[in-house]
$ cat structure23.cif   # mmCIF, C-alpha atoms
data_final
loop_
_atom_site.label_atom_id
_atom_site.label_comp_id
_atom_site.auth_asym_id
_atom_site.auth_seq_id
_atom_site.Cartn_x
_atom_site.Cartn_y
_atom_site.Cartn_z
CA MET A 14 0.00 0.00 0.00
CA ASP A 15 2.96 2.36 0.76
CA ARG A 16 4.27 2.10 -2.81
CA ILE A 17 0.82 2.94 -4.20
CA SER A 18 0.36 5.82 -1.77
CA GLY A 19 3.58 7.30 -3.04
CA LEU A 20 2.04 7.91 -6.45
CA PRO A 21 0.77 11.40 -7.37
CA ASP A 22 -2.87 12.19 -6.58
CA GLU A 23 -3.72 12.39 -10.29
CA VAL A 24 -2.53 8.81 -10.81
CA LEU A 25 -4.41 7.51 -7.77
CA VAL A 26 -7.62 9.16 -8.92
CA LYS A 27 -7.11 7.58 -12.35
CA ILE A 28 -6.74 4.15 -10.69
CA LEU A 29 -9.89 4.73 -8.62
CA SER A 30 -11.83 5.63 -11.77
CA PHE A 31 -11.62 2.00 -12.92
CA ALA A 32 -13.35 0.73 -9.76
CA PRO A 33 -17.09 0.88 -8.98
CA THR A 34 -17.97 4.09 -7.16
CA LYS A 35 -18.74 2.27 -3.91
CA VAL A 36 -15.34 0.56 -3.94
CA ALA A 37 -13.60 3.85 -4.70
CA VAL A 38 -15.43 5.54 -1.80
CA SER A 39 -14.43 2.73 0.57
CA THR A 40 -10.74 3.62 0.11
CA SER A 41 -11.37 6.80 2.12
CA ILE A 42 -10.84 4.82 5.34
CA LEU A 43 -7.31 3.73 4.39
CA SER A 44 -5.56 6.88 5.56
CA LYS A 45 -5.76 10.67 5.66
CA ARG A 46 -4.16 10.74 2.22
CA TRP A 47 -6.97 8.64 0.76
CA GLU A 48 -9.86 10.26 2.66
CA PHE A 49 -10.93 12.69 -0.08
CA LEU A 50 -9.29 11.26 -3.20
CA TRP A 51 -12.55 9.70 -4.43
CA MET A 52 -14.11 13.19 -4.43
CA TRP A 53 -12.07 14.00 -7.54
CA LEU A 54 -13.70 11.23 -9.55
CA THR A 55 -15.46 12.48 -12.65
CA LYS A 56 -17.61 9.39 -13.17
CA LEU A 57 -20.10 8.49 -10.45
CA GLU A 58 -22.69 5.71 -10.17
CA PHE A 59 -25.03 5.17 -7.25
CA GLY A 60 -27.84 2.71 -6.59
CA GLY A 61 -28.49 -0.78 -7.84
CA LYS A 62 -27.80 -3.95 -5.89
CA LEU A 63 -24.61 -2.64 -4.30
CA TYR A 64 -26.50 -0.10 -2.17
CA SER A 65 -29.52 0.18 0.05
CA GLU A 66 -31.47 3.31 -0.81
CA SER A 67 -31.24 4.64 2.74
CA GLU A 68 -27.49 4.11 2.59
CA PHE A 69 -26.86 6.05 -0.57
CA LYS A 70 -29.44 8.72 0.37
CA CYS A 71 -27.47 9.56 3.50
CA PHE A 72 -24.23 9.39 1.59
CA LEU A 73 -25.36 11.68 -1.25
CA ASP A 74 -27.00 14.17 1.09
CA ARG A 75 -23.76 14.42 3.04
CA ASN A 76 -21.14 14.31 0.28
CA LEU A 77 -22.42 15.16 -3.19
CA SER A 78 -22.46 18.93 -2.73
CA LEU A 79 -18.87 18.72 -1.43
CA HIS A 80 -17.59 16.82 -4.45
CA ARG A 81 -14.35 18.42 -5.65
CA ALA A 82 -14.23 17.59 -9.35
CA PRO A 83 -15.04 20.82 -11.23
CA VAL A 84 -16.59 18.83 -14.09
CA ILE A 85 -18.56 15.59 -13.69
CA GLU A 86 -18.23 13.53 -16.85
CA SER A 87 -21.04 11.12 -16.01
CA PHE A 88 -23.54 10.62 -13.21
CA CYS A 89 -25.70 7.48 -13.03
CA LEU A 90 -28.50 7.00 -10.52
CA LYS A 91 -30.35 3.67 -10.25
CA LEU A 92 -33.54 3.70 -8.20
CA SER A 93 -35.32 0.45 -7.32
CA ASN A 94 -38.60 0.28 -5.38
CA SER A 95 -37.92 3.86 -4.55
CA VAL A 96 -39.01 5.26 -1.21
CA LEU A 97 -36.90 8.33 -1.82
CA LYS A 98 -38.62 11.69 -1.89
CA PRO A 99 -38.68 13.34 -5.34
CA GLU A 100 -37.26 16.55 -3.88
CA ASP A 101 -34.18 14.66 -2.65
CA ILE A 102 -33.48 13.23 -6.09
CA ARG A 103 -34.19 16.59 -7.71
CA MET A 104 -31.61 18.26 -5.46
CA TRP A 105 -28.93 15.71 -6.38
CA VAL A 106 -29.59 16.36 -10.05
CA VAL A 107 -29.31 20.12 -9.44
CA VAL A 108 -25.89 19.57 -7.85
CA VAL A 109 -24.47 17.53 -10.76
CA LEU A 110 -25.90 20.01 -13.27
CA SER A 111 -23.99 22.77 -11.47
CA ARG A 112 -20.81 20.72 -12.05
CA TYR A 113 -21.21 20.85 -15.83
CA VAL A 114 -22.23 17.20 -16.10
CA ARG A 115 -21.82 15.78 -19.61
CA GLU A 116 -23.70 12.48 -19.23
CA LEU A 117 -26.70 11.96 -16.96
CA GLU A 118 -28.49 8.61 -16.58
CA ILE A 119 -31.40 7.95 -14.23
CA TYR A 120 -33.06 4.55 -14.01
CA SER A 121 -36.21 3.91 -12.00
CA SER A 122 -37.93 0.55 -11.68
CA CYS A 123 -41.17 2.28 -10.60
CA TYR A 124 -42.74 2.41 -14.05
CA GLN A 125 -46.27 3.00 -12.82
CA ASP A 126 -45.35 6.07 -10.81
CA LYS A 127 -45.03 9.53 -12.31
CA GLN A 128 -41.92 10.69 -10.49
CA ASN A 129 -41.38 14.42 -10.83
CA ILE A 130 -37.65 14.32 -10.10
CA LEU A 131 -36.24 16.46 -12.90
CA PRO A 132 -35.44 20.10 -12.05
CA SER A 133 -36.24 22.81 -14.56
CA SER A 134 -32.51 23.60 -14.81
CA LEU A 135 -32.03 20.27 -16.60
CA TYR A 136 -33.75 21.68 -19.69
CA THR A 137 -31.28 24.55 -20.00
CA CYS A 138 -28.06 22.68 -19.21
CA LYS A 139 -25.40 23.80 -21.69
CA SER A 140 -22.89 21.05 -20.87
CA LEU A 141 -25.18 18.01 -21.20
CA VAL A 142 -24.20 15.76 -24.13
CA ILE A 143 -25.94 12.48 -23.18
CA LEU A 144 -29.25 12.13 -21.31
CA LYS A 145 -30.76 8.71 -20.53
CA LEU A 146 -34.02 8.34 -18.60
CA ASN A 147 -35.56 4.94 -17.93
CA GLY A 148 -38.70 4.25 -15.91
CA GLY A 149 -41.75 6.16 -14.69
CA ILE A 150 -40.00 9.53 -14.67
CA LEU A 151 -42.20 12.52 -15.42
CA MET A 152 -40.98 14.94 -18.07
CA ASP A 153 -42.51 18.33 -17.41
CA VAL A 154 -40.84 20.30 -20.19
CA PRO A 155 -41.00 24.05 -19.49
CA ARG A 156 -41.46 26.72 -22.13
CA MET A 157 -37.83 27.74 -21.83
CA VAL A 158 -35.77 24.86 -23.22
CA CYS A 159 -32.25 24.96 -24.61
CA LEU A 160 -29.91 21.96 -24.72
CA PRO A 161 -27.24 23.22 -27.12
CA SER A 162 -24.80 20.34 -26.60
CA LEU A 163 -27.17 17.36 -26.33
CA LYS A 164 -26.28 14.69 -28.90
CA THR A 165 -27.79 11.51 -27.41
CA LEU A 166 -31.25 11.23 -25.85
CA VAL A 167 -32.70 7.94 -24.54
CA LEU A 168 -36.25 7.89 -23.16
CA LYS A 169 -37.63 4.50 -22.07
CA GLY A 170 -41.00 4.20 -20.38
CA VAL A 171 -41.02 7.91 -19.53
CA ASN A 172 -44.24 9.76 -18.70
CA TYR A 173 -44.98 13.12 -20.31
CA PHE A 174 -46.69 15.93 -18.42
CA LYS A 175 -48.69 17.08 -21.44
CA GLN A 176 -49.11 16.53 -25.16
CA GLY A 177 -46.30 18.11 -27.13
CA SER A 178 -43.71 17.81 -24.35
CA LEU A 179 -41.39 15.60 -26.37
CA GLN A 180 -41.80 17.68 -29.52
CA ARG A 181 -40.94 20.87 -27.60
CA LEU A 182 -37.87 19.20 -26.13
CA LEU A 183 -36.63 17.89 -29.47
CA SER A 184 -37.13 21.18 -31.25
CA ASN A 185 -34.67 22.79 -28.83
CA CYS A 186 -31.85 20.27 -29.26
CA PRO A 187 -30.05 21.74 -32.30
CA VAL A 188 -27.23 19.14 -32.49
CA LEU A 189 -29.14 16.00 -31.47
CA GLU A 190 -27.80 12.97 -33.36
CA ASP A 191 -29.10 9.85 -31.59
CA LEU A 192 -32.65 9.38 -30.28
CA VAL A 193 -34.11 6.27 -28.60
CA VAL A 194 -37.76 6.27 -27.49
CA ASN A 195 -39.70 3.37 -25.94
CA LEU A 196 -43.44 4.02 -25.76
CA CYS A 197 -45.29 1.86 -23.23
CA HIS A 198 -48.95 1.45 -22.36
CA HIS A 199 -48.75 3.68 -19.27
CA ASP A 200 -47.45 6.83 -20.93
CA ASN A 201 -49.86 9.47 -22.15
CA MET A 202 -48.40 10.40 -25.53
CA GLY A 203 -51.02 10.57 -28.27
CA LYS A 204 -48.87 12.10 -31.00
CA PHE A 205 -45.32 11.06 -31.74
CA ILE A 206 -43.72 13.83 -33.77
CA VAL A 207 -40.00 13.92 -34.52
CA ILE A 208 -38.85 16.81 -36.69
CA VAL A 209 -35.10 17.07 -36.07
CA PRO A 210 -32.84 18.19 -38.95
CA SER A 211 -29.63 17.05 -37.21
CA LEU A 212 -30.80 13.55 -36.20
CA GLN A 213 -28.68 10.68 -37.55
CA ARG A 214 -29.97 7.65 -35.60
CA LEU A 215 -33.54 6.96 -34.49
CA SER A 216 -34.75 3.89 -32.58
CA LEU A 217 -38.44 3.64 -31.74
CA TYR A 218 -40.19 0.87 -29.79
CA ILE A 219 -44.00 0.94 -29.64
CA GLY A 220 -45.41 -1.47 -27.08
CA TYR A 221 -48.37 -3.83 -27.44
CA LYS A 222 -51.77 -2.03 -27.45
CA ARG A 223 -49.98 1.32 -27.74
CA VAL A 224 -51.78 2.88 -30.72
CA LEU A 225 -50.79 6.45 -31.56
CA ASP A 226 -53.18 9.15 -32.81
CA GLU A 227 -50.46 10.52 -35.06
CA PHE A 228 -46.98 9.39 -36.06
CA VAL A 229 -44.75 11.87 -37.90
CA ILE A 230 -41.03 11.58 -38.66
CA ASP A 231 -39.13 14.21 -40.66
CA THR A 232 -35.37 13.68 -40.33
CA PRO A 233 -33.36 14.69 -43.42
CA SER A 234 -29.98 13.67 -41.92
CA LEU A 235 -31.08 10.23 -40.68
CA GLU A 236 -28.65 7.38 -41.44
CA TYR A 237 -30.04 4.60 -39.19
CA PHE A 238 -33.69 3.86 -38.39
CA LYS A 239 -35.03 1.14 -36.10
CA LEU A 240 -38.75 0.56 -35.65
CA VAL A 241 -40.21 -2.17 -33.45
CA ASP A 242 -44.02 -1.98 -33.33
CA ARG A 243 -45.90 -4.70 -31.43
CA ASN A 244 -49.36 -3.46 -32.47
CA TYR A 245 -51.51 -5.31 -34.96
CA ASP A 246 -53.41 -2.08 -35.66
CA SER A 247 -51.69 0.53 -37.80
CA HIS A 248 -51.14 4.18 -36.79
CA PRO A 249 -51.86 7.25 -38.93
CA CYS A 250 -48.33 7.56 -40.21
CA LEU A 251 -46.24 10.10 -42.10
CA ILE A 252 -42.57 9.18 -42.52
CA GLU A 253 -40.66 11.27 -45.01
CA ASN A 254 -37.45 13.05 -45.87
CA MET A 255 -34.82 10.36 -45.20
CA PRO A 256 -32.54 10.74 -48.24
CA LYS A 257 -29.37 9.74 -46.34
CA LEU A 258 -30.78 6.57 -44.76
CA THR A 259 -28.34 3.66 -45.19
CA GLU A 260 -29.47 1.12 -42.60
CA ALA A 261 -32.88 0.13 -41.23
CA TYR A 262 -34.29 -2.44 -38.81
CA VAL A 263 -38.05 -2.95 -39.13
CA ASP A 264 -40.04 -5.36 -36.94
CA VAL A 265 -43.76 -4.68 -37.29
CA ARG A 266 -46.92 -6.68 -36.66
CA SER A 267 -49.30 -4.45 -38.62
CA THR A 268 -50.41 -5.51 -42.09
CA ASP A 269 -49.69 -2.01 -43.41
CA LEU A 270 -46.16 -1.49 -44.71
CA GLN A 271 -47.15 0.96 -47.41
CA SER A 272 -46.59 4.17 -45.46
CA LEU A 273 -43.19 3.02 -44.24
CA ILE A 274 -41.58 1.24 -47.16
CA GLY A 275 -41.36 4.26 -49.45
CA SER A 276 -39.25 6.10 -46.85
CA ILE A 277 -36.55 3.45 -46.56
CA THR A 278 -35.81 2.65 -50.21
CA SER A 279 -32.41 4.37 -49.97
CA VAL A 280 -31.01 1.81 -47.50
CA LYS A 281 -27.92 -0.31 -48.15
CA ARG A 282 -28.64 -2.70 -45.27
CA LEU A 283 -32.10 -3.80 -44.20
CA ILE A 284 -33.35 -6.18 -41.51
CA ILE A 285 -37.10 -6.71 -41.71
CA SER A 286 -39.60 -8.88 -39.88
CA SER A 287 -43.14 -8.54 -41.17
CA LYS A 288 -46.10 -10.46 -42.52
CA ALA A 289 -47.18 -7.49 -44.61
CA MET A 290 -46.74 -6.91 -48.31
CA PHE A 291 -46.10 -3.59 -50.01
CA GLY A 292 -47.28 -2.44 -53.40
CA ASP A 293 -45.40 -2.08 -56.66
CA GLY A 294 -43.37 0.96 -57.59
CA TYR A 295 -40.71 0.76 -54.87
CA ILE A 296 -37.14 0.06 -55.96
CA PHE A 297 -34.29 -0.54 -53.52
CA ASN A 298 -31.49 0.50 -55.87
CA ARG A 299 -28.86 0.78 -53.12
CA LEU A 300 -29.81 -2.30 -51.11
CA GLU A 301 -26.82 -4.63 -50.76
CA ARG A 302 -27.60 -6.70 -47.67
CA LEU A 303 -31.08 -7.99 -46.76
CA THR A 304 -32.08 -10.01 -43.70
CA LEU A 305 -35.66 -11.24 -43.94
CA HIS A 306 -37.43 -12.83 -40.94
CA VAL A 307 -40.61 -14.71 -41.77
CA LEU A 308 -43.22 -16.27 -39.49
CA GLU A 309 -46.48 -16.27 -41.40
CA GLU A 310 -47.88 -18.97 -43.65
CA ASN A 311 -47.10 -17.23 -46.90
CA PRO A 312 -43.70 -15.52 -46.55
CA SER A 313 -42.44 -16.37 -50.02
CA ASN A 314 -44.41 -13.53 -51.61
CA LEU A 315 -42.44 -11.00 -49.55
CA LEU A 316 -39.20 -12.69 -50.56
CA SER A 317 -40.20 -12.60 -54.22
CA GLN A 318 -41.02 -8.93 -53.99
CA PHE A 319 -37.69 -8.01 -52.41
CA LEU A 320 -35.77 -10.06 -55.00
CA LYS A 321 -37.65 -8.27 -57.78
CA ASP A 322 -37.23 -4.80 -56.28
CA SER A 323 -33.55 -5.03 -55.19
CA PRO A 324 -31.49 -5.13 -58.41
CA ASN A 325 -28.11 -4.75 -56.65
CA LEU A 326 -28.59 -7.13 -53.73
CA GLN A 327 -25.35 -8.88 -52.76
CA GLU A 328 -26.20 -10.74 -49.53
CA LEU A 329 -29.47 -12.39 -48.56
CA GLU A 330 -30.13 -13.90 -45.14
CA TYR A 331 -33.46 -15.68 -44.79
CA PHE A 332 -34.87 -16.72 -41.40
CA SER A 333 -37.75 -19.15 -40.97
CA GLU A 334 -39.07 -18.49 -37.47
CA LEU A 335 -41.24 -21.20 -35.94
CA ASP A 336 -44.10 -20.10 -33.73
CA ASP A 337 -44.74 -21.99 -30.49
CA SER A 338 -47.52 -24.11 -31.98
CA TYR A 339 -45.58 -25.01 -35.17
CA GLU A 340 -48.58 -23.71 -37.12
CA ASN A 341 -46.36 -22.29 -39.82
CA MET A 342 -45.16 -25.80 -40.69
CA ARG A 343 -48.19 -26.14 -42.98
CA MET A 344 -47.85 -25.95 -46.73
CA PHE A 345 -48.07 -22.83 -48.85
CA PRO A 346 -47.32 -22.27 -52.53
CA TRP A 347 -44.03 -20.80 -53.79
CA ASN A 348 -44.98 -18.43 -56.57
CA GLN A 349 -41.64 -17.95 -58.21
CA PRO A 350 -41.10 -14.72 -60.17
CA SER A 351 -42.18 -14.90 -63.80
CA ILE A 352 -38.87 -13.24 -64.77
CA VAL A 353 -35.60 -14.04 -63.04
CA PRO A 354 -34.80 -11.01 -60.81
CA GLU A 355 -31.86 -8.83 -61.82
CA CYS A 356 -30.05 -9.41 -58.51
CA LEU A 357 -29.91 -13.18 -59.14
CA LEU A 358 -28.47 -12.66 -62.59
CA SER A 359 -25.83 -10.08 -61.74
CA SER A 360 -25.13 -9.34 -58.05
CA LEU A 361 -26.16 -11.88 -55.37
CA GLN A 362 -22.98 -13.42 -53.92
CA LYS A 363 -24.00 -14.81 -50.55
CA PHE A 364 -27.17 -16.65 -49.49
CA THR A 365 -27.86 -17.91 -45.96
CA TRP A 366 -31.00 -19.72 -44.81
CA SER A 367 -31.35 -20.01 -41.04
CA GLN A 368 -33.73 -22.58 -39.54
CA TYR A 369 -34.50 -24.25 -42.85
CA LEU A 370 -37.69 -26.25 -42.24
CA GLY A 371 -37.48 -28.65 -45.15
CA ARG A 372 -41.03 -28.18 -46.44
CA THR A 373 -41.66 -28.65 -50.15
CA GLN A 374 -41.98 -24.89 -50.63
CA ASP A 375 -38.70 -24.33 -48.76
CA ARG A 376 -36.89 -26.74 -51.03
CA ASP A 377 -38.41 -25.06 -54.10
CA ILE A 378 -37.21 -21.62 -52.95
CA ALA A 379 -33.68 -22.85 -52.21
CA VAL A 380 -33.47 -24.72 -55.52
CA TYR A 381 -34.72 -21.67 -57.43
CA ILE A 382 -32.06 -19.40 -55.94
CA LEU A 383 -29.27 -21.93 -56.54
CA LYS A 384 -30.46 -22.50 -60.10
CA ASN A 385 -30.59 -18.79 -61.03
CA ALA A 386 -27.97 -16.96 -58.94
CA CYS A 387 -25.18 -16.61 -61.49
CA CYS A 388 -22.69 -14.81 -59.23
CA LEU A 389 -23.30 -16.81 -56.05
CA ARG A 390 -20.10 -17.64 -54.18
CA ASN A 391 -21.44 -19.06 -50.94
CA ALA A 392 -24.75 -20.66 -49.92
CA THR A 393 -25.29 -21.87 -46.35
CA ILE A 394 -28.33 -23.89 -45.25
CA ASP A 395 -28.82 -24.09 -41.49
CA SER A 396 -31.58 -26.62 -40.88
CA TYR A 397 -33.98 -26.95 -37.98
CA THR A 398 -32.49 -30.33 -37.08
CA CYS A 399 -35.39 -31.70 -35.00
CA LEU A 400 -37.73 -31.32 -37.97
CA VAL A 401 -35.54 -31.84 -41.03
CA PRO A 402 -33.87 -35.18 -41.90
CA GLU A 403 -30.39 -33.78 -42.55
CA LEU A 404 -29.19 -36.45 -44.97
CA GLU A 405 -32.25 -36.11 -47.20
CA MET A 406 -31.92 -32.32 -47.22
CA ILE A 407 -28.27 -32.52 -48.24
CA LYS A 408 -29.05 -35.00 -51.02
CA GLU A 409 -31.90 -32.88 -52.41
CA LEU A 410 -30.00 -29.60 -52.49
CA THR A 411 -26.64 -31.02 -53.53
CA ARG A 412 -28.24 -32.66 -56.58
CA SER A 413 -29.92 -29.41 -57.67
CA SER A 414 -28.32 -27.48 -60.52
CA ARG A 415 -26.37 -24.28 -59.80
CA ALA A 416 -26.00 -21.32 -62.12
CA SER A 417 -22.67 -20.42 -60.50
CA THR A 418 -19.87 -22.94 -61.04
CA THR A 419 -17.91 -21.38 -58.15
CA CYS A 420 -20.72 -21.59 -55.59
CA GLU A 421 -19.74 -23.31 -52.34
CA LEU A 422 -22.73 -25.04 -50.73
CA ASN A 423 -22.50 -25.54 -46.94
CA PHE A 424 -24.81 -27.22 -44.43
CA SER A 425 -24.94 -26.65 -40.71
#
$ encode --input "structure23.cif" --output "structure tokens"
Amino acid sequence: MDRISGLPDEVLVKILSFAPTKVAVSTSILSKRWEFLWMWLTKLEFGGKLYSESEFKCFLDRNLSLHRAPVIESFCLKLSNSVLKPEDIRMWVVVVLSRYVRELEIYSSCYQDKQNILPSSLYTCKSLVILKLNGGILMDVPRMVCLPSLKTLVLKGVNYFKQGSLQRLLSNCPVLEDLVVNLCHHDNMGKFIVIVPSLQRLSLYIGYKRVLDEFVIDTPSLEYFKLVDRNYDSHPCLIENMPKLTEAYVDVRSTDLQSLIGSITSVKRLIISSKAMFGDGYIFNRLERLTLHVLEENPSNLLSQFLKDSPNLQELEYFSELDDSYENMRMFPWNQPSIVPECLLSSLQKFTWSQYLGRTQDRDIAVYILKNACCLRNATIDSYTCLVPELEMIKELTRSSRASTTCELNFS
């Protein structure tokens, strides 16, 4: 310990920064030299399983305002089954805001409560770059909002004081780049409106039975879009102005893809899970990598459509997802395209089928792709082994003709 204590304070603080906050604080009992070293830490985390709430309440009340670091890089507060008073939490947040905090994360497991723990000064914090709120935290956005440095905003299960709160907040974040929003059944948002010129990444989760009155996205700088919607009913939807979009993840239960698909045709990489079809007239000229998850009884039509509408597709990954009742093991017809798609003739190089079920229609699809994909270099069939006799599958597909003489066919 003597050799370590001989190091400069800056080095000791650096060493402490790699330990959990509670461990770093515990070193204060080692000696007078160590008593206040932890107070120079710029990254602080309190709560969770390592603390009782009464323990860290007393600790924060006594020490947080005396913290010596002039700038707090990150402050994380985890509240579970909270019996803490909102005014206590609000005061701690005020303190870290006064220390030019750059990253603030608050997690509350009390989703049903509307905890008014955010001070008004949060909405005018000039130093804040990352804000993450998770749980039943109430966002009462005042009229005066200005977050000039905020680049990342994560809101999961948050409650909103009134309609338009989120829109007001977003419209006053001029450099916001990354937005994550999880909408749950207990929040009161009727309209989801995101009009953010600077936004580059948007991830939106809409929970089951969480139907929106209005759904508007206008993000001209967006490069990545993720939408997970567990509703079977569609929302009135307007998604537009995504000319820079290069990657999208779409997992929707609704039968309406029409309002969405036209906004993502610029993507290079697409992961999609849907039972819905979309109409003609959409061309994915830039699409190079497609991952298609299918669960319904007639997924081949969606596959056919993507093959037809993606003339430059290079990689195709096809997932057959079994439901719990195995209902999608029943037969359905494979309506192969009347004209061989352009991507099979000139660009598709890699084809992967995960959880191949071995139905007649599955074999027909696999054989069709092998027979027509002229540039195919690698095809991998990963069978659902408890349902597919592996030897028979290998025999069937190995005997099928291949348009590409260099195609390597693998089974797993």
$ residues_around --input "structure23.cif" --residues "Lys56 of chain A" --least-positions-apart "4" --cutoff "9 Å" --atoms "all atoms listed in the file" --output "list in words"
Ser30, Thr34, Ile85, Glu86, Ser87, Phe88 and Cys89 of chain A
$ closest_residue --input "structure23.cif" --among "A:Ile296, A:Leu305, A:Val229, A:Val36" --to "Glu355 of chain A" --atoms "only C-alpha atoms"
A:Ile296
$ closest_atom_pairs --input "structure23.cif" --of "segment 170-287 of chain A" --to "segment 323-334 of chain A" --cutoff "12 Å" --atoms "only C-alpha atoms" --output "JSON lines"
{"residue": "A:Thr278", "atom": "CA", "partner": "A:Ser323", "partner_atom": "CA", "distance": 9.4}
{"residue": "A:Ser279", "atom": "CA", "partner": "A:Ser323", "partner_atom": "CA", "distance": 10.8}
{"residue": "A:Val280", "atom": "CA", "partner": "A:Ser323", "partner_atom": "CA", "distance": 10.6}
{"residue": "A:Lys281", "atom": "CA", "partner": "A:Leu326", "partner_atom": "CA", "distance": 8.8}
{"residue": "A:Arg282", "atom": "CA", "partner": "A:Glu328", "partner_atom": "CA", "distance": 9.4}
{"residue": "A:Leu283", "atom": "CA", "partner": "A:Leu329", "partner_atom": "CA", "distance": 10.0}
{"residue": "A:Ile284", "atom": "CA", "partner": "A:Glu330", "partner_atom": "CA", "distance": 9.1}
{"residue": "A:Ile285", "atom": "CA", "partner": "A:Tyr331", "partner_atom": "CA", "distance": 10.2}
{"residue": "A:Ser286", "atom": "CA", "partner": "A:Phe332", "partner_atom": "CA", "distance": 9.3}
{"residue": "A:Ser287", "atom": "CA", "partner": "A:Glu334", "partner_atom": "CA", "distance": 11.4}
$ axis_aligned_box --input "structure23.cif" --around "segment 365-372 of chain A" --padding-each-side "3 Å" --output "AutoDock Vina command-line options"
--center_x -34.4 --center_y -23.3 --center_z -43.0 --size_x 19.2 --size_y 16.7 --size_z 12.9
$ resolve_selection --input "structure23.cif" --expression "the PyMOL selection byres ((chain A and resi 167) around 8)" --output "CSV table (one decimal) with C-alpha atoms, in the coordinates of the input"
chain,number,residue,atom,x,y,z
A,144,LEU,CA,-29.2,12.1,-21.3
A,145,LYS,CA,-30.8,8.7,-20.5
A,146,LEU,CA,-34.0,8.3,-18.6
A,147,ASN,CA,-35.6,4.9,-17.9
A,165,THR,CA,-27.8,11.5,-27.4
A,166,LEU,CA,-31.2,11.2,-25.8
A,168,LEU,CA,-36.2,7.9,-23.2
A,169,LYS,CA,-37.6,4.5,-22.1
A,192,LEU,CA,-32.6,9.4,-30.3
A,193,VAL,CA,-34.1,6.3,-28.6
A,194,VAL,CA,-37.8,6.3,-27.5
$ resolve_selection --input "structure23.cif" --expression "the PyMOL selection byres ((chain A and resi 135) around 9)" --output "list of chain:residue names"
A:Val106, A:Val107, A:Leu110, A:Leu131, A:Pro132, A:Ser133, A:Ser134, A:Tyr136, A:Thr137, A:Cys138, A:Leu141, A:Val158, A:Leu160
$ residues_around --input "structure23.cif" --residues "Leu240 of chain A" --least-positions-apart "2" --cutoff "9 Å" --atoms "only C-alpha atoms" --output "mmCIF file with C-alpha atoms, in the coordinates of the input"
data_model
loop_
_atom_site.group_PDB
_atom_site.id
_atom_site.type_symbol
_atom_site.label_atom_id
_atom_site.label_comp_id
_atom_site.auth_asym_id
_atom_site.auth_seq_id
_atom_site.Cartn_x
_atom_site.Cartn_y
_atom_site.Cartn_z
ATOM 1 C CA LEU A 215 -33.540 6.960 -34.490
ATOM 2 C CA SER A 216 -34.750 3.890 -32.580
ATOM 3 C CA LEU A 217 -38.440 3.640 -31.740
ATOM 4 C CA TYR A 218 -40.190 0.870 -29.790
ATOM 5 C CA ILE A 219 -44.000 0.940 -29.640
ATOM 6 C CA PHE A 238 -33.690 3.860 -38.390
ATOM 7 C CA ASP A 242 -44.020 -1.980 -33.330
ATOM 8 C CA ALA A 261 -32.880 0.130 -41.230
ATOM 9 C CA TYR A 262 -34.290 -2.440 -38.810
ATOM 10 C CA VAL A 263 -38.050 -2.950 -39.130
ATOM 11 C CA ASP A 264 -40.040 -5.360 -36.940
ATOM 12 C CA VAL A 265 -43.760 -4.680 -37.290
#
